[in-house]
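J.: So I've got this file, target.txt, and it contains compact mmCIF, C-alpha atoms:
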# COMPACT_ATOMS: atom_id res chain seq x y z
CA MET C 243 0.00 0.00 0.00
CA ALA C 244 1.25 3.46 -0.83
CA SER C 245 0.49 4.69 2.69
CA ARG C 246 3.11 2.31 4.05
CA PHE C 247 5.94 3.64 1.94
CA ASP C 248 8.61 5.47 3.90
CA ALA C 249 9.19 8.72 2.02
CA SER C 250 12.71 8.94 3.37
CA CYS C 251 13.59 5.81 1.37
CA SER C 252 13.42 7.41 -2.07
CA PRO C 253 15.00 5.27 -4.80
CA ALA C 254 17.09 8.25 -5.90
CA PHE C 255 20.17 6.57 -4.44
CA PHE C 256 19.03 3.01 -5.12
CA SER C 257 17.61 2.41 -1.61
CA HIS C 258 21.08 2.53 -0.17
CA ARG C 259 20.21 3.31 3.48
CA LEU C 260 16.93 1.56 4.12
CA VAL C 261 18.25 -0.43 7.05
CA ARG C 262 18.10 2.51 9.46
CA THR C 263 14.52 3.73 9.09
CA VAL C 264 11.19 2.61 10.44
CA GLY C 265 7.79 4.08 9.64
CA PHE C 266 4.41 3.83 11.33
CA ALA C 267 1.51 3.65 8.87
CA VAL C 268 -1.97 4.63 10.00
CA PRO C 269 -4.95 5.45 7.78
CA GLY C 270 -3.85 8.38 5.61
CA ILE C 271 -0.79 9.13 7.78
CA LEU C 272 2.80 7.91 7.80
CA LEU C 273 4.81 8.70 10.91
CA VAL C 274 8.57 8.32 10.47
CA PHE C 275 10.88 7.85 13.44
CA SER C 276 14.58 8.24 12.75
CA SER C 277 15.77 6.49 15.89
CA ALA C 278 12.98 5.59 18.32
CA PHE C 279 11.96 2.40 16.52
CA SER C 280 15.10 1.69 14.56
CA PRO C 281 18.58 0.27 15.05
CA SER C 282 20.99 2.75 16.56
CA HIS C 283 24.16 3.63 14.70
CA ALA C 284 26.13 1.33 16.99
CA ASN C 285 23.61 -1.51 16.77
CA ALA C 286 22.87 -1.49 13.07
CA GLN C 287 22.80 -4.71 11.09
CA ALA C 288 26.07 -6.55 11.74
CA LEU C 289 27.81 -9.65 10.45
CA ILE C 290 28.13 -12.31 13.16
CA ARG C 291 31.75 -13.42 13.37
CA PRO C 292 33.29 -16.43 15.13
CA ALA C 293 35.20 -15.94 18.36
CA GLU C 294 38.38 -17.12 16.62
CA ALA C 295 39.22 -17.22 12.94
CA GLY C 296 38.31 -20.59 11.50
CA ASP C 297 35.84 -21.43 14.26
CA PRO C 298 32.14 -21.92 13.45
CA VAL C 299 29.76 -19.05 14.07
CA ASN C 300 27.91 -19.42 17.37
CA ILE C 301 24.16 -19.35 16.62
CA MET C 302 21.42 -20.23 19.12
CA PRO C 303 20.23 -23.82 18.51
CA SER C 304 16.61 -22.64 18.52
CA ASP C 305 17.38 -20.18 15.71
CA MET C 306 19.16 -22.87 13.70
CA ALA C 307 16.16 -25.17 14.14
CA ILE C 308 13.86 -22.47 12.75
CA PHE C 309 16.19 -21.91 9.78
CA GLU C 310 15.94 -25.62 8.98
CA GLU C 311 12.13 -25.67 9.12
CA THR C 312 10.26 -25.69 5.82
CA ASP C 313 7.18 -23.92 7.19
CA GLU C 314 7.14 -20.24 8.09
CA ARG C 315 6.45 -19.24 11.70
CA LYS C 316 3.89 -16.53 12.46
CA ASP C 317 3.70 -16.58 16.27
CA LEU C 318 4.57 -12.92 15.83
CA PRO C 319 2.26 -11.93 12.95
CA CYS C 320 4.53 -9.98 10.66
CA SER C 321 4.66 -9.83 6.86
CA VAL C 322 8.04 -10.03 5.07
CA THR C 323 8.63 -9.00 1.46
CA GLN C 324 11.90 -9.13 -0.44
CA ARG C 325 13.38 -6.06 -2.13
CA PRO C 326 14.90 -7.00 -5.49
CA PRO C 327 18.66 -6.49 -5.79
CA GLU C 328 19.82 -3.24 -7.39
CA ILE C 329 23.29 -1.86 -8.06
CA GLY C 330 24.30 1.20 -6.04
CA PHE C 331 26.87 3.86 -6.86
CA ASP C 332 29.31 1.84 -4.77
CA LEU C 333 29.02 -0.89 -7.43
CA ARG C 334 27.59 -3.45 -5.02
CA PHE C 335 24.26 -5.22 -5.30
CA HIS C 336 21.86 -4.09 -2.57
CA SER C 337 18.95 -6.33 -1.72
CA GLY C 338 16.94 -6.50 1.47
CA TYR C 339 13.55 -6.90 3.04
CA ASN C 340 10.54 -4.92 4.27
CA VAL C 341 8.70 -6.09 7.39
CA THR C 342 5.24 -4.86 8.39
CA LEU C 343 4.13 -5.52 11.94
CA PRO C 344 0.82 -4.49 13.54
CA LEU C 345 1.50 -1.90 16.23
CA ASN C 346 -0.80 -3.59 18.70
CA GLU C 347 1.55 -6.59 18.63
CA VAL C 348 4.29 -4.51 20.26
CA ALA C 349 2.08 -2.45 22.56
CA GLY C 350 3.52 -1.72 25.98
CA ASP C 351 6.37 0.14 27.63
CA GLY C 352 8.91 -0.71 25.00
CA GLY C 353 11.33 -3.51 24.41
CA GLU C 354 13.39 -4.94 21.60
CA LEU C 355 12.88 -6.85 18.38
CA THR C 356 15.75 -9.06 17.26
CA VAL C 357 16.33 -10.08 13.66
CA VAL C 358 18.69 -12.92 12.75
CA PHE C 359 19.18 -14.16 9.22
CA ARG C 360 21.57 -16.29 7.26
CA ILE C 361 22.43 -16.01 3.59
CA TYR C 362 24.47 -18.30 1.41
CA SER C 363 25.36 -18.55 -2.24
CA GLN C 364 23.78 -21.44 -4.09
CA ALA C 365 27.29 -22.09 -5.39
CA ASP C 366 28.68 -22.48 -1.84
CA LYS C 367 25.92 -23.65 0.51
CA ALA C 368 28.44 -24.83 3.08
CA SER C 369 29.63 -21.28 3.87
CA PRO C 370 26.65 -19.22 5.03
CA SER C 371 26.95 -15.73 6.52
CA TYR C 372 24.89 -14.75 9.56
CA PHE C 373 23.62 -11.26 10.40
CA LEU C 374 22.11 -9.77 13.54
CA GLN C 375 19.96 -6.66 13.88
CA HIS C 376 18.19 -5.09 16.87
CA PHE C 377 15.24 -2.68 16.83
CA ASP C 378 14.46 -0.71 20.00
CA VAL C 379 10.69 -0.47 20.45
CA PRO C 380 9.32 2.73 22.02
CA THR C 381 6.25 2.91 24.26
CA VAL C 382 3.22 1.96 22.16
CA ALA C 383 -0.39 2.44 23.33
CA ASP C 384 -2.55 -0.67 23.67
CA ASP C 385 -5.10 0.76 21.23
CA ALA C 386 -2.51 1.79 18.63
CA LYS C 387 -3.64 1.38 15.03
CA GLY C 388 -1.69 0.80 11.86
CA ASP C 389 1.58 -0.97 11.16
CA ALA C 390 5.26 -0.52 11.90
CA LEU C 391 7.59 -0.73 8.90
CA LEU C 392 11.04 -2.21 9.50
CA GLN C 393 13.66 -2.61 6.82
CA GLY C 394 17.00 -4.31 6.38
CA GLN C 395 19.66 -4.48 3.70
CA ILE C 396 21.94 -7.16 2.27
CA ASP C 397 25.02 -6.26 0.20
CA MET C 398 26.30 -8.87 -2.24
CA GLY C 399 28.19 -9.62 -5.39
CA GLU C 400 26.70 -11.21 -8.46
CA GLY C 401 25.18 -14.65 -7.89
CA ASN C 402 22.18 -16.65 -6.72
CA TYR C 403 21.53 -16.69 -2.97
CA HIS C 404 19.17 -18.13 -0.40
CA VAL C 405 18.05 -16.23 2.72
CA ASP C 406 16.60 -17.72 5.93
CA TRP C 407 15.19 -14.98 8.18
CA LEU C 408 13.57 -14.71 11.60
CA MET C 409 12.47 -12.03 14.04
CA ARG C 410 11.64 -12.51 17.73
CA ASP C 411 10.09 -10.20 20.30
CA ARG C 412 10.66 -9.99 24.05
CA SER C 413 8.15 -12.83 24.59
CA GLU C 414 10.13 -15.09 22.24
CA ARG C 415 7.36 -15.06 19.66
CA ILE C 416 8.78 -15.79 16.21
CA CYS C 417 8.11 -14.56 12.70
CA SER C 418 10.16 -16.41 10.07
CA SER C 419 10.50 -16.43 6.31
CA SER C 420 12.87 -17.49 3.54
CA TRP C 421 13.45 -16.48 -0.05
CA ASP C 422 15.87 -16.67 -2.96
CA VAL C 423 17.81 -13.73 -4.41
CA ASP C 424 18.99 -13.56 -8.00
CA ALA C 425 21.64 -10.83 -8.32
CA THR C 426 22.45 -10.84 -12.02
CA LEU C 427 23.81 -8.05 -14.17
CA ALA C 428 21.69 -7.04 -17.15
CA SER C 429 23.24 -7.80 -20.52
CA LYS C 430 24.11 -4.13 -21.12
CA ASP C 431 25.92 -4.05 -17.77
CA ARG C 432 27.95 -7.22 -18.23
CA PRO C 433 31.26 -5.35 -18.74
CA MET C 434 30.91 -3.80 -15.28
CA SER C 435 33.22 -5.14 -12.59
CA LEU C 436 31.50 -5.01 -9.21
CA PHE C 437 33.43 -4.31 -6.04
CA ILE C 438 32.19 -7.38 -4.22
CA SER C 439 33.32 -10.68 -5.69
CA PRO C 440 30.68 -13.05 -7.10
CA ASN C 441 28.89 -15.27 -4.56
CA ARG C 442 30.03 -13.08 -1.67
CA VAL C 443 28.01 -11.04 0.85
CA ALA C 444 29.18 -8.18 3.03
CA GLU C 445 28.09 -5.84 5.78
CA GLU C 446 26.57 -2.54 4.83
CA PRO C 447 29.27 0.07 5.54
CA ARG C 448 28.45 2.05 8.68
CA GLU C 449 29.57 5.25 6.99
CA PRO C 450 31.06 6.10 3.58
CA PHE C 451 34.52 7.18 4.77
CA GLN C 452 35.89 3.70 5.31
CA ASN C 453 38.95 2.32 3.61
CA ASP C 454 37.85 -0.63 1.52
CA ALA C 455 38.03 -4.13 2.95
CA GLY C 456 36.83 -7.38 1.41
CA GLU C 457 36.39 -6.13 -2.14
CA THR C 458 38.34 -7.29 -5.14
CA GLU C 459 42.08 -6.66 -4.87
CA ARG C 460 43.66 -3.79 -6.77
CA ARG C 461 46.02 -4.78 -9.57
CA LEU C 462 48.49 -2.33 -11.06
CA PRO C 463 49.24 -2.53 -14.79
CA ALA C 464 51.87 -5.02 -15.91
CA ASN C 465 53.65 -2.30 -17.91
CA PRO C 466 54.93 0.39 -15.50
CA GLN C 467 54.71 2.95 -18.31
CA ASP C 468 50.91 2.52 -18.23
CA ALA C 469 50.71 3.41 -14.52
CA LEU C 470 48.80 6.67 -14.27
CA THR C 471 49.10 9.65 -11.95
CA VAL C 472 45.90 11.68 -11.67
CA LYS C 473 44.83 14.80 -9.81
CA LEU C 474 41.25 14.84 -8.49
CA LEU C 475 39.44 18.06 -7.60
CA VAL C 476 36.14 17.17 -5.94
CA ASN C 477 33.42 19.61 -4.96
CA PHE C 478 31.74 18.19 -1.85
CA ALA C 479 28.55 20.21 -2.07
CA PRO C 480 24.83 19.33 -2.02
CA GLN C 481 23.14 18.08 -5.19
CA ASP C 482 20.41 20.61 -4.46
CA ALA C 483 21.97 24.07 -4.48
CA LEU C 484 19.24 25.31 -2.10
CA SER C 485 19.95 22.62 0.49
CA ALA C 486 21.61 23.74 3.71
CA ALA C 487 23.22 20.33 4.30
CA LEU C 488 25.20 17.76 2.36
CA LYS C 489 22.97 14.68 2.27
CA ARG C 490 24.47 11.31 3.01
CA SER C 491 23.35 10.04 -0.40
CA ASP C 492 25.29 12.85 -2.12
CA THR C 493 28.35 12.19 0.05
CA GLU C 494 28.23 8.47 -0.74
CA ALA C 495 27.99 9.11 -4.48
CA LEU C 496 30.98 11.47 -4.46
CA VAL C 497 33.03 9.05 -2.34
CA SER C 498 32.06 6.26 -4.75
CA ILE C 499 33.43 8.32 -7.65
CA LEU C 500 36.74 8.58 -5.81
CA LYS C 501 36.81 4.88 -4.97
CA THR C 502 35.94 3.84 -8.52
CA ILE C 503 38.81 5.89 -9.90
CA GLN C 504 41.21 4.62 -7.24
CA ARG C 505 40.25 1.00 -7.90
CA ASP C 506 41.02 1.25 -11.61
CA PRO C 507 44.12 -0.93 -12.13
CA ARG C 508 45.74 1.74 -14.30
CA VAL C 509 45.79 4.35 -11.51
CA ALA C 510 49.00 4.20 -9.46
CA ARG C 511 49.20 7.64 -7.81
CA ILE C 512 46.53 10.15 -6.80
CA SER C 513 46.55 13.74 -5.64
CA LEU C 514 43.25 14.80 -4.07
CA VAL C 515 41.89 18.29 -3.49
CA ALA C 516 38.50 18.23 -1.77
CA PHE C 517 36.78 21.61 -1.78
CA ASN C 518 33.42 23.12 -0.96
CA MET C 519 32.19 25.68 -3.46
CA PRO C 520 29.56 27.33 -1.22
CA GLU C 521 32.21 27.99 1.44
CA ALA C 522 34.82 28.81 -1.23
CA ARG C 523 37.59 26.86 0.48
CA VAL C 524 39.73 23.76 0.17
CA VAL C 525 38.67 21.31 2.88
CA TYR C 526 41.23 18.52 2.47
CA ARG C 527 44.36 17.82 0.47
CA GLN C 528 46.42 14.68 -0.10
CA GLU C 529 49.38 14.68 -2.45
CA ASN C 530 50.72 11.89 -4.67
CA VAL C 531 49.55 8.83 -2.73
CA GLY C 532 48.75 5.26 -3.66
CA LYS C 533 45.49 5.24 -1.65
CA ILE C 534 43.21 7.97 -0.44
CA ASP C 535 42.88 8.27 3.33
CA PHE C 536 39.08 8.20 3.46
CA PRO C 537 38.74 8.44 7.26
CA ALA C 538 40.89 11.61 7.22
CA LEU C 539 38.79 12.97 4.36
CA GLY C 540 35.63 12.30 6.36
CA ARG C 541 36.99 14.09 9.41
CA ALA C 542 37.93 17.10 7.28
CA LEU C 543 34.48 17.28 5.69
CA HIS C 544 32.91 17.39 9.15
CA THR C 545 34.48 20.84 9.54
CA MET C 546 32.26 22.25 6.82
CA LYS C 547 29.53 24.63 7.95
CA PRO C 548 26.70 24.31 5.43
CA GLY C 549 24.18 27.12 5.31
CA THR C 550 26.56 29.73 6.74
CA VAL C 551 27.96 32.81 4.99
CA THR C 552 31.20 34.48 6.03
CA ILE C 553 31.82 38.25 6.19
CA HIS C 554 34.27 37.84 3.31
CA GLN C 555 31.58 36.26 1.15
CA LEU C 556 29.16 39.06 2.00
CA ASN C 557 31.73 41.66 0.96
CA ASP C 558 32.76 39.78 -2.19
CA LYS C 559 29.70 38.99 -4.31
CA GLN C 560 31.83 36.85 -6.62
CA SER C 561 33.73 34.98 -3.91
CA GLU C 562 32.82 31.57 -5.39
CA THR C 563 33.89 32.60 -8.90
CA ASN C 564 37.16 34.04 -7.59
CA PHE C 565 37.74 30.88 -5.57
CA LEU C 566 37.22 28.67 -8.63
CA ALA C 567 39.57 30.86 -10.68
CA GLY C 568 42.26 30.59 -7.99
CA LEU C 569 41.71 26.83 -7.69
CA VAL C 570 42.27 26.37 -11.42
CA GLN C 571 45.31 28.62 -11.34
CA HIS C 572 46.99 26.79 -8.45
CA GLU C 573 45.85 23.20 -9.05
CA VAL C 574 45.52 22.85 -12.82
CA ALA C 575 48.17 25.22 -14.16
CA THR C 576 50.90 23.59 -12.12
CA ALA C 577 54.47 22.61 -12.89
CA ALA C 578 53.91 19.17 -11.38
CA ARG C 579 52.33 17.55 -14.41
CA PRO C 580 49.94 14.66 -13.71
CA ASP C 581 48.67 12.40 -16.48
CA ALA C 582 45.18 13.89 -16.08
CA VAL C 583 43.18 16.41 -14.08
CA ILE C 584 39.69 15.26 -13.09
CA PHE C 585 37.00 17.49 -11.62
CA ALA C 586 34.03 15.83 -9.92
CA GLY C 587 30.93 17.01 -8.12
CA PRO C 588 27.39 18.31 -8.53
CA LYS C 589 26.58 21.25 -10.78
CA ALA C 590 28.14 24.49 -9.57
CA MET C 591 25.76 27.18 -10.84
CA LEU C 592 27.67 30.34 -9.87
CA LYS C 593 26.46 33.90 -10.39
CA ALA C 594 29.33 34.44 -12.80
CA ASP C 595 31.66 32.09 -14.67
CA VAL C 596 35.43 32.42 -14.58
CA PRO C 597 36.27 34.89 -17.40
CA GLN C 598 37.57 33.15 -20.48
CA ASP C 599 40.41 35.66 -20.74
CA ASP C 600 41.66 34.53 -17.33
CA LEU C 601 41.56 30.90 -18.45
CA ARG C 602 43.34 31.68 -21.72
CA ARG C 603 46.16 33.36 -19.80
CA ILE C 604 46.81 30.02 -18.10
CA GLY C 605 47.61 28.61 -21.52
CA ASP C 606 47.34 25.08 -22.81
CA ILE C 607 47.24 22.25 -20.28
CA GLU C 608 49.46 19.42 -21.49
CA CYS C 609 47.43 16.68 -19.86
CA PRO C 610 43.75 15.87 -20.58
CA VAL C 611 41.08 17.44 -18.34
CA PHE C 612 37.78 15.78 -17.39
CA TYR C 613 34.64 16.63 -15.44
CA MET C 614 32.51 13.92 -13.81
CA ASN C 615 29.29 15.82 -13.15
CA TYR C 616 27.16 14.06 -10.53
CA ASN C 617 23.59 14.90 -11.54
CA LEU C 618 20.74 12.56 -10.58
CA ASN C 619 18.21 14.45 -12.68
CA PRO C 620 19.95 15.89 -15.75
CA GLN C 621 16.64 16.76 -17.41
CA ALA C 622 15.84 19.16 -14.57
CA VAL C 623 19.19 20.98 -14.85
CA PRO C 624 20.29 20.48 -18.47
CA TRP C 625 22.52 23.54 -18.84
CA LYS C 626 26.26 23.80 -18.31
CA ASP C 627 27.65 24.97 -14.99
CA SER C 628 30.71 27.05 -14.11
CA ILE C 629 33.07 24.06 -13.94
CA SER C 630 31.84 22.98 -17.39
CA HIS C 631 32.91 26.38 -18.76
CA VAL C 632 36.34 25.95 -17.18
CA ILE C 633 37.07 22.55 -18.69
CA LYS C 634 35.71 23.70 -22.07
CA ALA C 635 38.49 26.29 -22.17
CA PHE C 636 40.98 23.42 -21.84
CA ARG C 637 39.18 21.29 -24.43
CA GLY C 638 38.19 18.90 -21.66
CA THR C 639 35.59 16.12 -21.63
CA GLU C 640 32.48 16.09 -19.44
CA TYR C 641 30.56 13.03 -18.24
CA THR C 642 27.14 13.12 -16.59
CA ILE C 643 26.89 10.64 -13.70
CA SER C 644 23.22 9.86 -13.05
CA ARG C 645 23.34 6.09 -12.48
CA PRO C 646 25.91 3.53 -11.33
CA ARG C 647 26.25 2.41 -14.94
CA ASP C 648 27.34 5.95 -15.89
CA LEU C 649 30.04 5.91 -13.21
CA TRP C 650 31.54 2.63 -14.36
CA PHE C 651 31.50 3.26 -18.11
CA SER C 652 32.66 6.88 -17.90
CA THR C 653 35.58 5.90 -15.63
CA THR C 654 36.57 3.07 -17.96
CA GLU C 655 36.49 5.31 -21.04
CA MET C 656 38.25 8.14 -19.25
CA MET C 657 41.13 5.93 -18.13
CA SER C 658 41.53 4.55 -21.64
CA ARG C 659 41.77 8.10 -23.01
CA ILE C 660 44.29 9.09 -20.35
CA THR C 661 46.42 6.04 -21.15
CA ARG C 662 46.40 6.84 -24.87
CA ALA C 663 47.28 10.47 -24.18
CA LYS C 664 50.21 9.44 -21.98
CA ARG C 665 51.53 7.03 -24.61
CA ASN C 666 51.25 9.67 -27.34
CA HIS C 667 53.05 12.18 -25.14
CA THR C 668 55.83 9.67 -24.46
CA VAL C 669 56.26 8.96 -28.18
CA THR C 670 56.26 12.65 -29.05
CA ALA C 671 58.81 13.43 -26.35
CA ALA C 672 61.04 10.61 -27.62
CA LEU C 673 60.84 11.89 -31.19
CA VAL C 674 61.64 15.43 -30.14
CA GLY C 675 64.55 14.19 -28.02
CA SER C 676 66.00 12.24 -30.96
CA THR C 677 65.86 15.20 -33.37
CA PRO C 678 69.39 16.44 -34.15
Please, can you express the file's structure as structure tokens?

T.:
Amino acid sequence: MASRFDASCSPAFFSHRLVRTVGFAVPGILLVFSSAFSPSHANAQALIRPAEAGDPVNIMPSDMAIFEETDERKDLPCSVTQRPPEIGFDLRFHSGYNVTLPLNEVAGDGGELTVVFRIYSQADKASPSYFLQHFDVPTVADDAKGDALLQGQIDMGEGNYHVDWLMRDRSERICSSSWDVDATLASKDRPMSLFISPNRVAEEPREPFQNDAGETERRLPANPQDALTVKLLVNFAPQDALSAALKRSDTEALVSILKTIQRDPRVARISLVAFNMPEARVVYRQENVGKIDFPALGRALHTMKPGTVTIHQLNDKQSETNFLAGLVQHEVATAARPDAVIFAGPKAMLKADVPQDDLRRIGDIECPVFYMNYNLNPQAVPWKDSISHVIKAFRGTEYTISRPRDLWFSTTEMMSRITRAKRNHTVTAALVGSTP
């Protein structure tokens, strides 16, 4: 029913955070509680690990017995529906479940609902993974009407899986279910390389600024001459220019752009400049590294003050334009020549573009320049932004990133173009050097 849909779970970011929200549906009304009836940040869905590596996972015998039953249990009368797997910007399949539970079944002074489920690949039934999730139940009136909506998420690589699921309340009443999951790439997406190996499941990351663990290993090119050095200039700003805060979905998409570039086997060294256009300042910098320090980047971004305006910005009506001009001057027109300069971020619609005369004075940039424009709704904002005008002056290439597919294919094409440009530059330099 439409009245049971949690509006905070818009598919704009491929349902990437559904595990942390619960809604109450009553006739004509949906009440959404961000924490009262949901897992806390510390108690979100977690992979159950053995006490020692190599030991079996310790699961309650009663739970294992329910997993082995062929009939579903409805002592606790809940309804469980599967969410089909979809690919997120992090290039992982995200599946999950929606649970509706009559409020009068949890009436009282509060308590806890516990979810336990196991999932295994049909190709490796002997190696299941077990997950645990707790929901804190607030005080609910005995005459409460409507349903509670609980949701969970499962991250996985390509493959066919089976899920056995149960939920118990404080009275040990059980609701159980099971289903199969078919996580298969569409034919047009077959060239994509996901960042979870096939037939593998993983925890949902607690926050986006984690260094990768458990994904496919990075491989540098066999020919050292094909190893690329790139400079990334990323605008960590809201997708919606009128928003006073950087949404988690926007942050995750921008971090995924960085991780996709870093994971490309041709990329050996990275220089990162993270900036915030509304504040007109560089937030974080990392020079010529093999891997981005994502936790440090996250800490730096927490210093941003969205929705605030400084005295300097009030006095300088073109502070953002001047900042962008200075950024290009110091970061693009630099003596330290990378193999490519890559801008990334949402559209930056400034009051004035950087004057073309200023850009022409910089001169030709020897390396190729790119812009990965993160824009979930390109039809709504189809015109070029101020960064687009900058890269046009350098005969750069712009990609619109609206879907995970766009991220993968644009990165693949971009790296191929950078590699060709580097090879051509090497050949040209060799020919010039051999001229008498």

J.: Given the choices C:Ala510, C:Val531, C:Ala307, C:Leu436, which gets closest to Gln467 (chain C) if the distance is worked out from only C-alpha atoms?

T.: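 Ranking C:Ala510, C:Val531, C:Ala307, C:Leu436 by distance to Gln467 (chain C), first place goes to C:Ala510.
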
J.: For a quick check of understanding, using only C-alpha atoms, which of C:Phe331, C:Val382, C:Ser439, C:Val472 has the smallest distance to Leu618 (chain C)?

T.: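 Closest residue, counting only C-alpha atoms: C:Phe331.
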
J.: Mind checking which residues fall within 8 Å of His336 (chain C), counting only C-alpha atoms, ignoring those fewer than 5 positions away in the same chain, and posting them as a list in words?

T.: Ser257, His258, Pro327, Glu328, Ile329, Gly330, Gln395, Ile396, Asp397 and Met398 of chain C

J.: Quick one: residues within 8 Å of region 596-602 of chain C, all atoms listed in the file counted, chain neighbours fewer than 5 positions away excluded, as a compact mmCIF listing (two decimals) with C-alpha atoms, in the frame of the given file?

T.:
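Generated output (part.txt):
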# COMPACT_ATOMS: atom_id res chain seq x y z
CA THR C 563 33.89 32.60 -8.90
CA ASN C 564 37.16 34.04 -7.59
CA LEU C 566 37.22 28.67 -8.63
CA ALA C 567 39.57 30.86 -10.68
CA SER C 628 30.71 27.05 -14.11
CA HIS C 631 32.91 26.38 -18.76
CA VAL C 632 36.34 25.95 -17.18
CA ALA C 635 38.49 26.29 -22.17

J.: With only C-alpha atoms as the atoms that count, which of C:Asp297, C:Glu449, C:Asp385, C:Asp406 lies nearest to Gln324 (chain C)?

T.: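 Once distances to Gln324 (chain C) are computed over only C-alpha atoms, the minimum belongs to C:Asp406.
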
J.: Please determine, counting only C-alpha atoms, which residue among C:Leu318, C:Cys417, C:Leu673, C:Ala288 has the shortest atom-to-atom distance to Asp305 (chain C).

T.: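 Under the stated criterion, the closest residue is C:Cys417.
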
J.: For Val357 (chain C), list every protein, DNA or RNA residue within 7 Å, evaluated using all atoms listed in the file, and leave out those in the same chain fewer than 5 positions away; present the list as a ChimeraX atom specification.

T.: /C:374-376,408-410

J.: Please measure the separation of CA of Ala575 (chain C) and CA of Gly605 (chain C), giving the value in Å to one decimal.

T.: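 Here the two named atoms are 8.1 Å from each other.
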
J.: Produce a table with one row for each residue of region 462-540 of chain C that has an atom at most 12 Å from any atom of region 644-659 of chain C, each row naming the nearest atom pair and its distance in Å at one decimal; use only C-alpha atoms; arrange rows by chain and rising residue number; format as a tab-separated table.

T.:
residue	atom	partner	partner_atom	distance
C:Asp468	CA	C:Ser658	CA	10.2
C:Ala469	CA	C:Met657	CA	10.5
C:Leu470	CA	C:Met657	CA	8.6
C:Thr471	CA	C:Met657	CA	10.7
C:Val472	CA	C:Met657	CA	9.9
C:Gln481	CA	C:Ser644	CA	11.4
C:Asp492	CA	C:Ser644	CA	11.5
C:Glu494	CA	C:Pro646	CA	11.9
C:Ala495	CA	C:Pro646	CA	9.1
C:Leu496	CA	C:Leu649	CA	10.4
C:Val497	CA	C:Leu649	CA	11.7
C:Ser498	CA	C:Leu649	CA	8.7
C:Ile499	CA	C:Leu649	CA	6.9
C:Leu500	CA	C:Thr653	CA	10.2
C:Lys501	CA	C:Leu649	CA	10.7
C:Thr502	CA	C:Thr653	CA	7.4
C:Ile503	CA	C:Thr653	CA	6.6
C:Gln504	CA	C:Thr653	CA	10.2
C:Arg505	CA	C:Thr653	CA	10.3
C:Asp506	CA	C:Thr654	CA	8.0
C:Pro507	CA	C:Met657	CA	9.6
C:Arg508	CA	C:Met657	CA	7.3
C:Val509	CA	C:Met657	CA	8.2
C:Ala510	CA	C:Met657	CA	11.8

J.: Just checking: using only C-alpha atoms, which residue out of C:Ala594, C:Leu514, C:Ala522, C:Ala295 ends up closest to Phe536 (chain C)?

T.: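 Among the listed residues, the smallest separation from Phe536 (chain C) belongs to C:Leu514.
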
J.: Would you compute the distance between CA of Thr426 (chain C) and CA of Glu446 (chain C)? Give it in Å to one decimal.

T.: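 For CA of Thr426 (chain C) relative to CA of Glu446 (chain C), the distance reads 19.2 Å.
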
J.: One number please: CA of Trp421 (chain C) to CA of Ser491 (chain C), in Å, one decimal.

T.: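 Computing the Euclidean distance for CA of Trp421 (chain C) and CA of Ser491 (chain C) yields 28.3 Å.
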
J.: Sorted by chain and rising residue number, which residues of region 394-421 of chain C lie within 10 Å of region 345-353 of chain C, and what are their closest atom pairs and distances in Å to one decimal, counting all atoms listed in the file, as a Markdown table?

T.:
| residue | atom | partner | partner_atom | distance |
| --- | --- | --- | --- | --- |
| C:Asp411 | CA | C:Gly353 | CA | 7.9 |
| C:Arg412 | CA | C:Gly353 | CA | 6.5 |
| C:Ser413 | CA | C:Gly353 | CA | 9.8 |

J.: Could you dump the residues just selected with C-alpha atoms as a PDB file, in the frame of the given file?

T.:
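Final output, again29.pdb:
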ATOM      1  CA  ASP C 411      10.090 -10.200  20.300  1.00  0.00           C
ATOM      2  CA  ARG C 412      10.660  -9.990  24.050  1.00  0.00           C
ATOM      3  CA  SER C 413       8.150 -12.830  24.590  1.00  0.00           C
TER       4      SER C 413
END

J.: So that I can check the surroundings of region 540-542 of chain C, please list as a list in words every protein, DNA and RNA residue that reaches within 10 Å of it, counting all atoms listed in the file and ignoring chain neighbours fewer than 2 positions away.

T.: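 Returned residues: Glu449, Pro450, Phe451, Gln452, Thr493, Val497, Ala516, Val524, Val525, Tyr526, Arg527, Asp535, Phe536, Pro537, Ala538, His544, Thr545 and Met546 of chain C.
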
J.: Between C:Asn518, C:Ser561, C:Asn441, C:Ser304, which is the closest to Glu414 (chain C) once you count all atoms listed in the file?

T.: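 Among the listed residues, C:Ser304 lies closest to Glu414 (chain C).
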
J.: Starting from the point (26.2, -16.9, 11.0), work out which residues of protein, DNA or RNA have an atom no more than 8 Å away when counting only C-alpha atoms; state them as a list of chain:residue names.

T.: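 Residues with an atom at most 8 Å from (26.2, -16.9, 11.0): C:Leu289, C:Ile290, C:Arg291, C:Val299, C:Asn300, C:Ile301, C:Phe359, C:Arg360, C:Pro370, C:Ser371, C:Tyr372, C:Phe373.
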
J.: So that I have them on file, write out the residues from the current selection with C-alpha atoms, as a compact mmCIF listing (two decimals), keeping the file's coordinate frame.

T.:
# COMPACT_ATOMS: atom_id res chain seq x y z
CA LEU C 289 27.81 -9.65 10.45
CA ILE C 290 28.13 -12.31 13.16
CA ARG C 291 31.75 -13.42 13.37
CA VAL C 299 29.76 -19.05 14.07
CA ASN C 300 27.91 -19.42 17.37
CA ILE C 301 24.16 -19.35 16.62
CA PHE C 359 19.18 -14.16 9.22
CA ARG C 360 21.57 -16.29 7.26
CA PRO C 370 26.65 -19.22 5.03
CA SER C 371 26.95 -15.73 6.52
CA TYR C 372 24.89 -14.75 9.56
CA PHE C 373 23.62 -11.26 10.40
